[in-house]
Amino acid sequence: MTLLILLISVALIWVNLVGLGLFWAQFCRDYAVSRVGGVLLLCLAFFGLEHFWGLGASLWFLPFSTALAGWLVWRDRALLRREWAVEAAFGTGFLYCLLWRYTFPNIDLFEERIPDFVFIQDYFGGGRLPAPDRWMVPFRADFYYSFQYYSAALLGRWFHLGPGYTYQLAYGVISGLITAAVFASVRRLCAWRPAAPLLTAALLLGGCGLAVVVHLSSRDWVEPLQMARYIGMIWPPASRTAVGATLDHLMYAKGVNPIELPVEPLSYLIMKGEFHPPLAGFLVLVFSLLLMAALEGEGDPRQRRILHALLAATLPLSLISNTWVFPLQSVLVVGWFAHRALAGERDHWFAGLAGLGAATALAFPFLVVFMQASGARTTSFRLVRHGDYGSLAGWLAVFWPLVALMLIAPWPRERRRLALFFTAVWAVLLVATEVFYNHDVNSGTWERFNSTLKWWGWIYGGGILTLGAINLSRRGWLCRYGSLLVILLPCVQVYDYGRQFVQDPKDDMGYLDGTHWITRDYTLRDLVSALQELPDGICLDSTIAFGNTDATVLPLFANKQCYIGWPVQEGIWREFRTEIRSRMEQVNTFYAGKMKDPLQWLLDNNVRYVMWLQKDNDHNNERFVPLWEKIRSRYVWRHLYGTDTDWAVGYWERLDPPAGPATSGPPGRR
C-alpha cells in the first residue's frame, strides 16, 4: 500500500465514521457518545445479523455510505466545529497508533499476532456465522470472544481492504475511539481545561506505577515488554540499584520461584502491535465511563434513559469482546445503577433492562454457541491459593498512583459522592483480583498470569481516568496538583517507548500488509503472489510443531485455508482434542516421505495445494521426486525456483475434473 493509497483509505474511513457519529447524534443528542457508541452499535447489529444471513466478502455500500457521510458532514458542520476537540482526540489516537503500525507493521511470530490475524481472516469470507476456522477446517470459529476480530473484518469488507491492511487500520480505529472517549470523559468530569489533554496523554503514552519503580530500580534499560512482565522476573544483582535491591528483598523469598503477575497498561497495548481483545475491553470500559460522565451533567429525562440503556448494553458487549473483564464490567455497571438508585433515581432501571435486552438479543446467536464451546469449560473462578499471592511491595509498585488518587479523592467536598462511588468500585475490584483468579491452562508460577494480565491494566486505566479527572476538578491546590504529579510521573515510560521506537530495526517500514518480514525473500514473495490468485482451498505446509513457528504463515498470507495451524493454540481453544496432535503428526509424516499412500490422504482431506519450500530440501532434496511420483496423477507441480531435482521451490495444485492437460513427470522419470 503506497502512502497515497493509505492516506485515501484513512480519509475514507474517517469521513464515514464521522458520518456515522452524526447519524446517531440525531437520536442520542451527544456527539461524543454517538461518535464512539455508533461504531459499536453498527458492528453489534451486523454481528447479530450475519449469524442468520451472511452478506458476502465484499460489501457494496461504500459509495453510498461515503456520499451520505459527506452530506451529513456538510449539513452538521456547525456541530463539528463545536466538537472539533473530540475529532482531534480521535485523530491523535488513530494517527499515533498508525505511526507504530506503519513503522513496525510485521504480523509475525511475536506472541499472538498470527492467531489474531487468523481470526480476522476467519470473518473475511462473509458467510453465515460462526465462520469457518481457517486453521482447522471444517471446524467453526465458535470458541473465542471474537467481536473485535469480526468488527475489524467488517471494516475490511466495507472499505475493500486486504486482511493485513485491515489488521493495521482497525488497530488505529480502536486506538482513536479509546482516545476520543477518554478525552470526552475527562472534559465532562473536569472543567479545568488542561485536565483532558494531560490525562489523555498519561493513558495513551504513560505506564503504570512500574514505570517509575523500574527506572529507580535498574541500572540498565528495561524494555517495555520486560516492564510489563516485571513482577516475577529475577534480575542480576549487578544490574540493580540500592532501591532495586531493597525491592527485590521485599518482593521475593530466597530459593522460591516467584509467581509471575504481568500488567499491560493501555499505552503498551497500543504500541505493541498485537491486535488482541484487551483492546476491545478497554474500549468498552472507556465508553462506559464516558456514559457515566455524560450522565453526571445530564438533566433531560429522555436523554438519561438513552444513556442508561447504552450503559447496560455494555455488559453483553464486554462478554463478546473480552470475556475476561466481563465480571469487572458487571461490578462497574451494576454498581453505577445501584449508586443512582441510592441517589433517588428510579426510572433508569427500565431503560437499563431495555438496553441490556436489546444488546443481548443481538449477541445471543454468538453466545449460545460460545458458552457451550470447549473453551468455556477450561476456565473457572477459583480462590487464590496461599502460594500464588504476590508481595505487597510488588502490588504497590504497580498501583501506587491509583492508591494515591484513592486516598486523596474522598476528602474534598466537591463531587464527594461520585468520588466515593469510583473509589469504592476500584477498591472492590482490586481486592477481588487478590481473592479470585480465573484458572485456565496455565499452572505453576503462571497460575495467575492471564488474570492479572487482563485485569490489572483495565482497573488501573479506569481508576486513573475517573479519580484523576475528579481530583483535577477540585479547587484545592494540594488535591489538584498533587494528583497531577501522581498522574504524570508514570509518563517517564515515554522514554522507554521512544527508545524502542528509535533503536528497533525499520527494514519493513511501510509494508502495511504485514508480510514483508517473510516475503522480502523473493521466492516466498512469488509463492504468496501465485497462491493469492488461485481459488480458496486447503494449503499444506511443513514443520508443524508446538509453539510459534512460521508453518502455515505463507498460506495465511495467501488467503488460503490450513489443514492444521499452531497446535498449541488450537489445543487451548479446543480442549486439547486428540485430533489436533494427530493432524500435526500426519502432516509431518507426509513431508517426511513416510506415508504409505500420500495421494489418498491428500484427497481424503480435500487438500488443494501442497507447498514445497527450501526448508523441505534437506539431504539433496531426496524426498521430492518420490513424493511427486506418488501424487502426480492428481496434482500438478507449479515450479517457481530450482532444478526440480536437487533443489525445488514451488507447490502442487490438485487437478479437479474435468482434468486439464497433464504436465510432464519429474525430470528423468518421464
# chains A, B, ... in the order shown; residues from 1 in each chain; ligands from 1

$ residues_around --residues "A:Leu247" --least-positions-apart "4" --cutoff "8 Å" --atoms "only C-alpha atoms" --output "list in words"
Ser217, Val243, Met251, Ala393 and Gly394 of chain A

$ residues_around --residues "stretch 466-471 of chain A" --least-positions-apart "2" --cutoff "6 Å" --atoms "only C-alpha atoms" --output "CSV table (one decimal) with C-alpha atoms, in the first residue's frame"
chain,number,residue,atom,x,y,z
A,186,VAL,CA,-12.4,13.9,31.3
A,189,LEU,CA,-15.8,15.3,34.8
A,190,CYS,CA,-13.4,18.2,35.0
A,463,GLY,CA,-9.1,4.3,38.1
A,464,ILE,CA,-6.7,6.9,36.7
A,473,SER,CA,-11.6,19.2,39.1
A,474,ARG,CA,-11.2,20.2,42.7
A,480,ARG,CA,-5.3,19.2,42.1

$ atom_distance --atom1 "atom CA of A:Phe590" --atom2 "atom CA of A:Tyr651"
14.5 Å

$ select_by_dssp --residues "stretch 285-517 of chain A" --states "strand (DSSP E)" --output "JSON, numbers by chain"
{"A": [380, 381, 382, 383, 436, 437, 438, 439]}

$ write_last_selection --atoms "N, CA and C atoms" --output "PDB file, in the first residue's frame"
ATOM      1  N   SER A 380     -12.296 -21.410  35.015  1.00  0.00           N
ATOM      2  CA  SER A 380     -13.218 -21.349  36.147  1.00  0.00           C
ATOM      3  C   SER A 380     -12.643 -20.405  37.200  1.00  0.00           C
ATOM      4  N   PHE A 381     -13.528 -19.723  37.930  1.00  0.00           N
ATOM      5  CA  PHE A 381     -13.090 -18.857  39.018  1.00  0.00           C
ATOM      6  C   PHE A 381     -12.673 -19.713  40.210  1.00  0.00           C
ATOM      7  N   ARG A 382     -11.542 -19.352  40.784  1.00  0.00           N
ATOM      8  CA  ARG A 382     -11.055 -20.049  41.970  1.00  0.00           C
ATOM      9  C   ARG A 382     -10.501 -19.034  42.965  1.00  0.00           C
ATOM     10  N   LEU A 383     -10.432 -19.451  44.209  1.00  0.00           N
ATOM     11  CA  LEU A 383      -9.797 -18.626  45.228  1.00  0.00           C
ATOM     12  C   LEU A 383      -8.285 -18.700  45.059  1.00  0.00           C
ATOM     13  N   PHE A 436      -9.777 -13.745  44.042  1.00  0.00           N
ATOM     14  CA  PHE A 436     -10.151 -14.685  42.989  1.00  0.00           C
ATOM     15  C   PHE A 436      -9.191 -14.568  41.805  1.00  0.00           C
ATOM     16  N   TYR A 437      -9.139 -15.631  41.035  1.00  0.00           N
ATOM     17  CA  TYR A 437      -8.470 -15.590  39.739  1.00  0.00           C
ATOM     18  C   TYR A 437      -9.203 -16.535  38.811  1.00  0.00           C
ATOM     19  N   ASN A 438      -8.975 -16.378  37.538  1.00  0.00           N
ATOM     20  CA  ASN A 438      -9.620 -17.229  36.545  1.00  0.00           C
ATOM     21  C   ASN A 438      -8.641 -18.326  36.148  1.00  0.00           C
ATOM     22  N   HIS A 439      -8.893 -19.531  36.596  1.00  0.00           N
ATOM     23  CA  HIS A 439      -7.997 -20.650  36.309  1.00  0.00           C
ATOM     24  C   HIS A 439      -8.168 -21.094  34.863  1.00  0.00           C
TER      25      HIS A 439
END

$ select_by_dssp --residues "stretch 21-116 of chain A" --states "helix (DSSP H, G or I)" --output "PyMOL selection string"
chain A and resi 21-28+31-49+62-75+77-82+84-103+113-116

$ residues_around --residues "A:Leu554" --least-positions-apart "6" --cutoff "9 Å" --atoms "only C-alpha atoms" --output "list in words"
Thr515, Ile518, Thr519, Leu524, Leu527, Val528, Asp541 and Lys560 of chain A

$ closest_residue --among "A:Ile234, A:Asp616, A:Gln168, A:Leu531" --to "A:Thr103" --atoms "only C-alpha atoms"
A:Gln168

$ closest_residue --among "A:Leu367, A:Leu41, A:Ile114, A:Phe47" --to "A:Val284" --atoms "only C-alpha atoms"
A:Leu41

$ atom_distance --atom1 "atom CA of A:Arg188" --atom2 "atom CA of A:Ala78"
20.5 Å

$ closest_atom_pairs --of "stretch 84-173 of chain A" --to "stretch 572-588 of chain A" --cutoff "9 Å" --atoms "only C-alpha atoms" --output "JSON lines"
{"residue": "A:Met136", "atom": "CA", "partner": "A:Ile580", "partner_atom": "CA", "distance": 8.6}
{"residue": "A:Phe143", "atom": "CA", "partner": "A:Trp573", "partner_atom": "CA", "distance": 6.2}
{"residue": "A:Tyr144", "atom": "CA", "partner": "A:Trp573", "partner_atom": "CA", "distance": 7.3}

$ closest_residue --among "A:Gly498, A:Gly48, A:Gly38, A:Pro197" --to "A:Thr92" --atoms "only C-alpha atoms"
A:Pro197
